[in-house]
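Chemist: Below is one structure. I have some questions about it.
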Amino acid sequence: MEKGNENMGKGKHGIENGRDEEATGGFEEVNGEEDKPFFELGMVFTNIREVRAAANKHSITECKDLKFKKNEAKRFRAVCRFKGCQFLFFVSYDRSINRLQLKTLTEHTCSQHWRNSRVRAEFIAMKYKRTIRCNPRWKLREMRATIREDIGTDVYQSICARAKKLVLQKTQGCYVDEFGLLWTYAEEMRKADPG
């Protein structure tokens, strides 16, 4: 019996995957919405974006800095940036099931990384969007300390500044767009009531 075949209705993640056994080849599919991704050999992915997202999430949640070596449409290879670490995550297209499948997975032999290139401004902006909107004067030092405490990774102050700028531009951009519509609304009111 192949791995993942015993409980096809619900994956190990406890999520209904709604796929039949023939479509997945009896292997479990990954769900990109999880907090901590769980990988096992033979795991099936629907597309390369899902693979990248899962590897990125693994890098952030496990505090390991990954380097994406092969990053193509039909194969993906990630290795740990720490010298001497044997971690390897390799996914490639499998013709027998017409999906991407995890072919090689080795464990990390390194300790926690305090700098992680996968923690980018976009990720921080998405994670702390509500906090930045509620407190637009949030100090960058305090923001770094919060990120270090929550994620376990130290980020540069410039990344925090870019994340804050992204959130505030989107928030203030809404006001600029709405103010631009005010002139259109006034013109329509003049047409409707010329007197």
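Letters A, B, ... go to the chains of the structure tokens in the order shown; residues in each chain start at 1; ligands are counted from 1 in the same order.
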Excluding Arg77 (chain A) and any residue of its chain fewer than 6 positions from it, enumerate the residues within 7 Å of it, using only C-alpha atoms, and give them as a ChimeraX atom specification.

Modeler: /A:68-71,89-91

Chemist: Keeping all heavy atoms for every residue in the selection just given, could you write it to a file as a PDB file, in the first residue's frame?

Modeler:
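Ended up saving to out.pdb:
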ATOM      1  N   PHE A  68      16.326  28.559  -3.464  1.00  0.00           N
ATOM      2  CA  PHE A  68      15.623  27.835  -4.515  1.00  0.00           C
ATOM      3  C   PHE A  68      16.585  27.676  -5.693  1.00  0.00           C
ATOM      4  O   PHE A  68      16.864  28.623  -6.412  1.00  0.00           O
ATOM      5  CB  PHE A  68      14.367  28.582  -4.945  1.00  0.00           C
ATOM      6  CG  PHE A  68      13.324  28.712  -3.867  1.00  0.00           C
ATOM      7  CD1 PHE A  68      12.218  29.521  -4.060  1.00  0.00           C
ATOM      8  CD2 PHE A  68      13.430  28.043  -2.666  1.00  0.00           C
ATOM      9  CE1 PHE A  68      11.251  29.643  -3.077  1.00  0.00           C
ATOM     10  CE2 PHE A  68      12.465  28.159  -1.679  1.00  0.00           C
ATOM     11  CZ  PHE A  68      11.375  28.970  -1.896  1.00  0.00           C
ATOM     12  N   LYS A  69      17.096  26.452  -5.887  1.00  0.00           N
ATOM     13  CA  LYS A  69      18.088  26.180  -6.935  1.00  0.00           C
ATOM     14  C   LYS A  69      17.417  26.020  -8.294  1.00  0.00           C
ATOM     15  O   LYS A  69      17.673  26.779  -9.197  1.00  0.00           O
ATOM     16  CB  LYS A  69      18.866  24.908  -6.602  1.00  0.00           C
ATOM     17  CG  LYS A  69      19.819  25.068  -5.474  1.00  0.00           C
ATOM     18  CD  LYS A  69      21.169  25.358  -6.027  1.00  0.00           C
ATOM     19  CE  LYS A  69      22.221  25.124  -4.983  1.00  0.00           C
ATOM     20  NZ  LYS A  69      23.516  25.423  -5.474  1.00  0.00           N
ATOM     21  N   LYS A  70      16.602  24.999  -8.443  1.00  0.00           N
ATOM     22  CA  LYS A  70      15.860  24.777  -9.677  1.00  0.00           C
ATOM     23  C   LYS A  70      14.448  25.281  -9.431  1.00  0.00           C
ATOM     24  O   LYS A  70      13.743  24.791  -8.558  1.00  0.00           O
ATOM     25  CB  LYS A  70      15.785  23.292 -10.035  1.00  0.00           C
ATOM     26  CG  LYS A  70      17.085  22.685 -10.399  1.00  0.00           C
ATOM     27  CD  LYS A  70      17.383  22.936 -11.837  1.00  0.00           C
ATOM     28  CE  LYS A  70      18.666  22.210 -12.213  1.00  0.00           C
ATOM     29  NZ  LYS A  70      19.349  22.814 -13.288  1.00  0.00           N
ATOM     30  N   ASN A  71      14.053  26.269 -10.197  1.00  0.00           N
ATOM     31  CA  ASN A  71      12.755  26.874  -9.993  1.00  0.00           C
ATOM     32  C   ASN A  71      12.114  27.035 -11.371  1.00  0.00           C
ATOM     33  O   ASN A  71      12.078  28.117 -11.922  1.00  0.00           O
ATOM     34  CB  ASN A  71      12.938  28.218  -9.292  1.00  0.00           C
ATOM     35  CG  ASN A  71      11.648  28.772  -8.761  1.00  0.00           C
ATOM     36  OD1 ASN A  71      10.595  28.200  -8.967  1.00  0.00           O
ATOM     37  ND2 ASN A  71      11.725  29.896  -8.096  1.00  0.00           N
ATOM     38  N   PHE A  89      14.973  19.495  -0.841  1.00  0.00           N
ATOM     39  CA  PHE A  89      13.551  19.414  -1.123  1.00  0.00           C
ATOM     40  C   PHE A  89      13.430  19.461  -2.638  1.00  0.00           C
ATOM     41  O   PHE A  89      13.690  20.487  -3.251  1.00  0.00           O
ATOM     42  CB  PHE A  89      12.859  20.618  -0.460  1.00  0.00           C
ATOM     43  CG  PHE A  89      11.388  20.709  -0.695  1.00  0.00           C
ATOM     44  CD1 PHE A  89      10.507  19.977   0.081  1.00  0.00           C
ATOM     45  CD2 PHE A  89      10.869  21.554  -1.659  1.00  0.00           C
ATOM     46  CE1 PHE A  89       9.137  20.080  -0.113  1.00  0.00           C
ATOM     47  CE2 PHE A  89       9.510  21.660  -1.855  1.00  0.00           C
ATOM     48  CZ  PHE A  89       8.647  20.925  -1.086  1.00  0.00           C
ATOM     49  N   PHE A  90      13.068  18.307  -3.255  1.00  0.00           N
ATOM     50  CA  PHE A  90      13.006  18.227  -4.711  1.00  0.00           C
ATOM     51  C   PHE A  90      11.639  17.741  -5.153  1.00  0.00           C
ATOM     52  O   PHE A  90      11.182  16.681  -4.741  1.00  0.00           O
ATOM     53  CB  PHE A  90      14.096  17.303  -5.254  1.00  0.00           C
ATOM     54  CG  PHE A  90      14.086  17.188  -6.745  1.00  0.00           C
ATOM     55  CD1 PHE A  90      14.434  18.261  -7.543  1.00  0.00           C
ATOM     56  CD2 PHE A  90      13.728  16.002  -7.358  1.00  0.00           C
ATOM     57  CE1 PHE A  90      14.418  18.159  -8.929  1.00  0.00           C
ATOM     58  CE2 PHE A  90      13.713  15.879  -8.729  1.00  0.00           C
ATOM     59  CZ  PHE A  90      14.064  16.959  -9.524  1.00  0.00           C
ATOM     60  N   VAL A  91      11.012  18.537  -5.997  1.00  0.00           N
ATOM     61  CA  VAL A  91       9.697  18.211  -6.551  1.00  0.00           C
ATOM     62  C   VAL A  91       9.820  18.237  -8.066  1.00  0.00           C
ATOM     63  O   VAL A  91      10.428  19.157  -8.627  1.00  0.00           O
ATOM     64  CB  VAL A  91       8.642  19.256  -6.097  1.00  0.00           C
ATOM     65  CG1 VAL A  91       7.307  18.998  -6.758  1.00  0.00           C
ATOM     66  CG2 VAL A  91       8.501  19.254  -4.598  1.00  0.00           C
TER      67      VAL A  91
END

Chemist: Which residues are near Leu105 (chain A)? Cut-off 12 Å, only C-alpha atoms, ignore same chain within fewer than 6 positions. Put them as a list of chain:residue names.

Modeler: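 Counting only the stated atoms, we get A:Phe38, A:Phe39, A:Glu40, A:Leu41, A:Gly42, A:Met43, A:Ala55, A:Phe76, A:Arg77, A:Ala78, A:Val79, A:Cys80, A:Gln86, A:Phe87, A:Leu88, A:Phe89, A:Phe90, A:Val91.
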
Chemist: Please produce a file of those selected residues containing all heavy atoms, as a compact mmCIF listing (two decimals), in the first residue's frame.

Modeler:
# COMPACT_ATOMS: atom_id res chain seq x y z
N PHE A 38 3.52 20.24 6.34
CA PHE A 38 4.05 18.92 6.66
C PHE A 38 4.35 18.23 5.34
O PHE A 38 3.51 18.15 4.47
CB PHE A 38 3.01 18.12 7.46
CG PHE A 38 3.36 16.68 7.62
CD1 PHE A 38 4.34 16.30 8.51
CD2 PHE A 38 2.74 15.71 6.86
CE1 PHE A 38 4.69 14.96 8.65
CE2 PHE A 38 3.07 14.38 6.99
CZ PHE A 38 4.05 14.00 7.90
N PHE A 39 5.57 17.76 5.19
CA PHE A 39 5.97 17.11 3.94
C PHE A 39 6.27 15.64 4.17
O PHE A 39 6.81 15.27 5.21
CB PHE A 39 7.24 17.77 3.37
CG PHE A 39 7.07 19.22 3.07
CD1 PHE A 39 7.87 20.16 3.71
CD2 PHE A 39 6.15 19.67 2.16
CE1 PHE A 39 7.74 21.51 3.44
CE2 PHE A 39 6.00 21.01 1.88
CZ PHE A 39 6.81 21.92 2.53
N GLU A 40 5.93 14.83 3.18
CA GLU A 40 6.35 13.44 3.15
C GLU A 40 6.55 13.04 1.70
O GLU A 40 5.95 13.63 0.79
CB GLU A 40 5.34 12.53 3.85
CG GLU A 40 4.02 12.38 3.15
CD GLU A 40 3.10 11.41 3.88
OE1 GLU A 40 3.36 11.06 5.04
OE2 GLU A 40 2.12 11.01 3.26
N LEU A 41 7.43 12.08 1.48
CA LEU A 41 7.71 11.64 0.12
C LEU A 41 6.43 11.17 -0.56
O LEU A 41 5.58 10.54 0.05
CB LEU A 41 8.73 10.50 0.14
CG LEU A 41 10.16 10.91 0.46
CD1 LEU A 41 11.03 9.67 0.55
CD2 LEU A 41 10.70 11.87 -0.55
N GLY A 42 6.29 11.52 -1.82
CA GLY A 42 5.11 11.12 -2.58
C GLY A 42 4.00 12.14 -2.51
O GLY A 42 2.99 11.97 -3.18
N MET A 43 4.16 13.20 -1.74
CA MET A 43 3.12 14.22 -1.63
C MET A 43 2.91 14.88 -2.99
O MET A 43 3.86 15.12 -3.74
CB MET A 43 3.54 15.26 -0.60
CG MET A 43 2.48 16.28 -0.30
SD MET A 43 2.98 17.33 1.05
CE MET A 43 2.44 16.34 2.42
N ALA A 55 7.22 25.73 0.23
CA ALA A 55 8.64 25.81 0.60
C ALA A 55 8.93 27.12 1.32
O ALA A 55 9.67 27.16 2.31
CB ALA A 55 9.51 25.69 -0.65
N PHE A 76 11.39 21.66 -9.13
CA PHE A 76 11.72 22.64 -8.10
C PHE A 76 12.68 21.99 -7.11
O PHE A 76 12.43 20.90 -6.64
CB PHE A 76 10.44 23.08 -7.39
CG PHE A 76 10.66 24.03 -6.27
CD1 PHE A 76 10.74 25.38 -6.50
CD2 PHE A 76 10.79 23.57 -4.97
CE1 PHE A 76 10.95 26.26 -5.47
CE2 PHE A 76 11.01 24.44 -3.93
CZ PHE A 76 11.08 25.79 -4.17
N ARG A 77 13.79 22.67 -6.83
CA ARG A 77 14.77 22.15 -5.88
C ARG A 77 15.11 23.28 -4.91
O ARG A 77 15.45 24.38 -5.32
CB ARG A 77 16.02 21.69 -6.59
CG ARG A 77 17.07 21.11 -5.67
CD ARG A 77 18.37 20.80 -6.42
NE ARG A 77 18.15 20.02 -7.62
CZ ARG A 77 18.33 18.70 -7.70
NH1 ARG A 77 18.74 18.02 -6.67
NH2 ARG A 77 18.11 18.07 -8.83
N ALA A 78 15.02 22.99 -3.62
CA ALA A 78 15.39 23.95 -2.58
C ALA A 78 16.42 23.30 -1.67
O ALA A 78 16.29 22.12 -1.32
CB ALA A 78 14.18 24.38 -1.78
N VAL A 79 17.45 24.06 -1.31
CA VAL A 79 18.47 23.59 -0.37
C VAL A 79 18.62 24.63 0.73
O VAL A 79 18.24 25.78 0.58
CB VAL A 79 19.83 23.37 -1.07
CG1 VAL A 79 19.74 22.27 -2.10
CG2 VAL A 79 20.36 24.65 -1.69
N CYS A 80 19.19 24.20 1.85
CA CYS A 80 19.42 25.09 2.97
C CYS A 80 20.66 25.93 2.68
O CYS A 80 21.66 25.42 2.18
CB CYS A 80 19.60 24.29 4.25
SG CYS A 80 19.71 25.31 5.72
N GLN A 86 22.36 19.28 5.16
CA GLN A 86 22.05 18.31 4.11
C GLN A 86 20.62 18.42 3.59
O GLN A 86 20.18 17.56 2.83
CB GLN A 86 22.28 16.88 4.64
CG GLN A 86 23.70 16.62 5.10
CD GLN A 86 24.70 16.79 3.97
OE1 GLN A 86 24.49 16.30 2.87
NE2 GLN A 86 25.79 17.49 4.25
N PHE A 87 19.87 19.44 3.98
CA PHE A 87 18.46 19.55 3.58
C PHE A 87 18.34 19.66 2.06
O PHE A 87 19.03 20.45 1.41
CB PHE A 87 17.81 20.78 4.22
CG PHE A 87 16.38 20.96 3.82
CD1 PHE A 87 15.38 20.19 4.39
CD2 PHE A 87 16.03 21.89 2.86
CE1 PHE A 87 14.05 20.35 4.02
CE2 PHE A 87 14.71 22.07 2.48
CZ PHE A 87 13.72 21.29 3.07
N LEU A 88 17.43 18.86 1.51
CA LEU A 88 17.12 18.90 0.09
C LEU A 88 15.63 18.65 -0.08
O LEU A 88 15.08 17.70 0.49
CB LEU A 88 17.91 17.85 -0.68
CG LEU A 88 17.58 17.72 -2.17
CD1 LEU A 88 17.91 19.00 -2.92
CD2 LEU A 88 18.32 16.55 -2.77
N PHE A 89 14.97 19.50 -0.84
CA PHE A 89 13.55 19.41 -1.12
C PHE A 89 13.43 19.46 -2.64
O PHE A 89 13.69 20.49 -3.25
CB PHE A 89 12.86 20.62 -0.46
CG PHE A 89 11.39 20.71 -0.70
CD1 PHE A 89 10.51 19.98 0.08
CD2 PHE A 89 10.87 21.55 -1.66
CE1 PHE A 89 9.14 20.08 -0.11
CE2 PHE A 89 9.51 21.66 -1.85
CZ PHE A 89 8.65 20.93 -1.09
N PHE A 90 13.07 18.31 -3.25
CA PHE A 90 13.01 18.23 -4.71
C PHE A 90 11.64 17.74 -5.15
O PHE A 90 11.18 16.68 -4.74
CB PHE A 90 14.10 17.30 -5.25
CG PHE A 90 14.09 17.19 -6.75
CD1 PHE A 90 14.43 18.26 -7.54
CD2 PHE A 90 13.73 16.00 -7.36
CE1 PHE A 90 14.42 18.16 -8.93
CE2 PHE A 90 13.71 15.88 -8.73
CZ PHE A 90 14.06 16.96 -9.52
N VAL A 91 11.01 18.54 -6.00
CA VAL A 91 9.70 18.21 -6.55
C VAL A 91 9.82 18.24 -8.07
O VAL A 91 10.43 19.16 -8.63
CB VAL A 91 8.64 19.26 -6.10
CG1 VAL A 91 7.31 19.00 -6.76
CG2 VAL A 91 8.50 19.25 -4.60

Chemist: Using CA of Ile97 (chain A) and CA of Ala54 (chain A) as the two end points, give the distance in Å to one decimal.

Modeler: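 It comes out at 20.1 Å.
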
Chemist: Extract the full set of alpha helix (DSSP H) residues from region 5-191 of chain A according to DSSP on the backbone, and format it as a ChimeraX atom specification.

Modeler: /A:21-24,48-61,121-127,129-134,140-151,157-191

Chemist: Got a sec to tell me which of region 23-91 of chain A DSSP assigns to strand (DSSP E), as JSON, numbers by chain?

Modeler: {"A": [44, 45, 66, 67, 68, 69, 70, 71, 75, 76, 77, 78, 79, 80, 88, 89, 90, 91]}

Chemist: Could you check the closest approach to Met143 (chain A) for each of A:Leu66, A:Arg75, A:Phe45, A:Val155 and tell me which residue wins, using only C-alpha atoms?

Modeler: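 With only C-alpha atoms as the atom set, the closest residue is A:Val155.
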
Chemist: State, in Å with one decimal place, the distance from CA of His113 (chain A) to CA of Lys74 (chain A).

Modeler: 29.1 Å

Chemist: To one decimal in Å, tell me the separation between CA of Asn135 (chain A) and CA of Glu62 (chain A).

Modeler: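 Taking CA of Asn135 (chain A) as the start and CA of Glu62 (chain A) as the end point, the length is 28.6 Å.
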
Chemist: Which polymer residues have any atom within 9 Å of an atom of Ala163 (chain A), counting only C-alpha atoms, with same-chain residues fewer than 5 positions away left out, as a PyMOL selection string?

Modeler: chain A and resi 120-126+128-129+158+168

Chemist: Looking at only C-alpha atoms, which of A:Ala53, A:Val176, A:Val167, A:Ala161 is the one that sits closest to Arg118 (chain A)?

Modeler: A:Ala53
